[in-house]
Amino acid sequence: MIFQLSQRRIGVLRLPTTATRISPRRTLIPAPAANSGPITERRADRELPSIKPEGRRWLKTLPIFAVVVGAAMLGIFNYQKSSSSVVSSTLYALRTSSRAREILGDQIYFAQQIPWISGEMNQLHGRIDISFWVKGTKAQGKMRFKSVRPDRMSFFRTEEWSLTTEDGTVIQLLEDNHDPFRQE
């Protein structure tokens, strides 16, 4: 024993004895089964799970994904239209129009809580042709606004601004040579 202690102090290389060389060997642990419960410990030498080919299961969810993305796009584009300055301006002009107030009454606003703005609103290319339902205290109707810009450097020219009531009567809101949207 004194001999072994002295060898350790001096730093003599020692070969392992049979007692230190034999250690309990860890065996591979199988991967947990599907319903085997929570894994309480993670070991690096555990067996990897088997890979099951999924096949084309994702093809079943592709139409659902396409419908959800399409509906989200329509909702986003409609929200962009409904919050644009064109819609706000036409709604304001409708509220201040005496003819529209005669037909619809006071408190003119969108007919639905989430309005659907139909038509094209392409200010970059100079084409605006939108319509949406509005209501007041007396009645409701569909307002249509159409405006074009003939060339790049000119102003928009309002071609139509009308209100169609529920019974189908079309009322032109553009009065003789008075365009409420014209810049002066």
# chains A, B, ... in the order shown; residues from 1 in each chain; ligands from 1
$ closest_atom_pairs --of "segment 135-160 of chain A" --to "segment 89-106 of chain A" --cutoff "9 Å" --atoms "only C-alpha atoms" --output "Markdown table"
| residue | atom | partner | partner_atom | distance |
| --- | --- | --- | --- | --- |
| A:Lys135 | CA | A:Leu104 | CA | 6.3 |
| A:Gly136 | CA | A:Leu104 | CA | 4.7 |
| A:Thr137 | CA | A:Gly105 | CA | 4.9 |
| A:Lys138 | CA | A:Gly105 | CA | 4.9 |
| A:Ala139 | CA | A:Leu104 | CA | 4.7 |
| A:Gln140 | CA | A:Leu104 | CA | 6.0 |
| A:Gly141 | CA | A:Leu104 | CA | 7.6 |
| A:Met143 | CA | A:Leu94 | CA | 8.7 |
| A:Phe145 | CA | A:Thr90 | CA | 7.6 |
$ select_by_dssp --residues "segment 63-155 of chain A" --states "strand (DSSP E)" --output "list of chain:residue names"
A:Tyr109, A:Phe110, A:Ser118, A:Gly119, A:Glu120, A:Met121, A:Asn122, A:Arg127, A:Ile128, A:Asp129, A:Ile130, A:Ser131, A:Phe132, A:Trp133, A:Val134, A:Lys135, A:Gln140, A:Gly141, A:Lys142, A:Met143, A:Arg144, A:Phe145, A:Lys146, A:Ser147, A:Val148
$ closest_residue --among "A:Asp129, A:Gln172, A:Ser36, A:Val134" --to "Gln113 of chain A" --atoms "only C-alpha atoms"
A:Val134
$ atom_distance --atom1 "atom CA of Thr169 of chain A" --atom2 "atom CA of Met121 of chain A"
24.9 Å
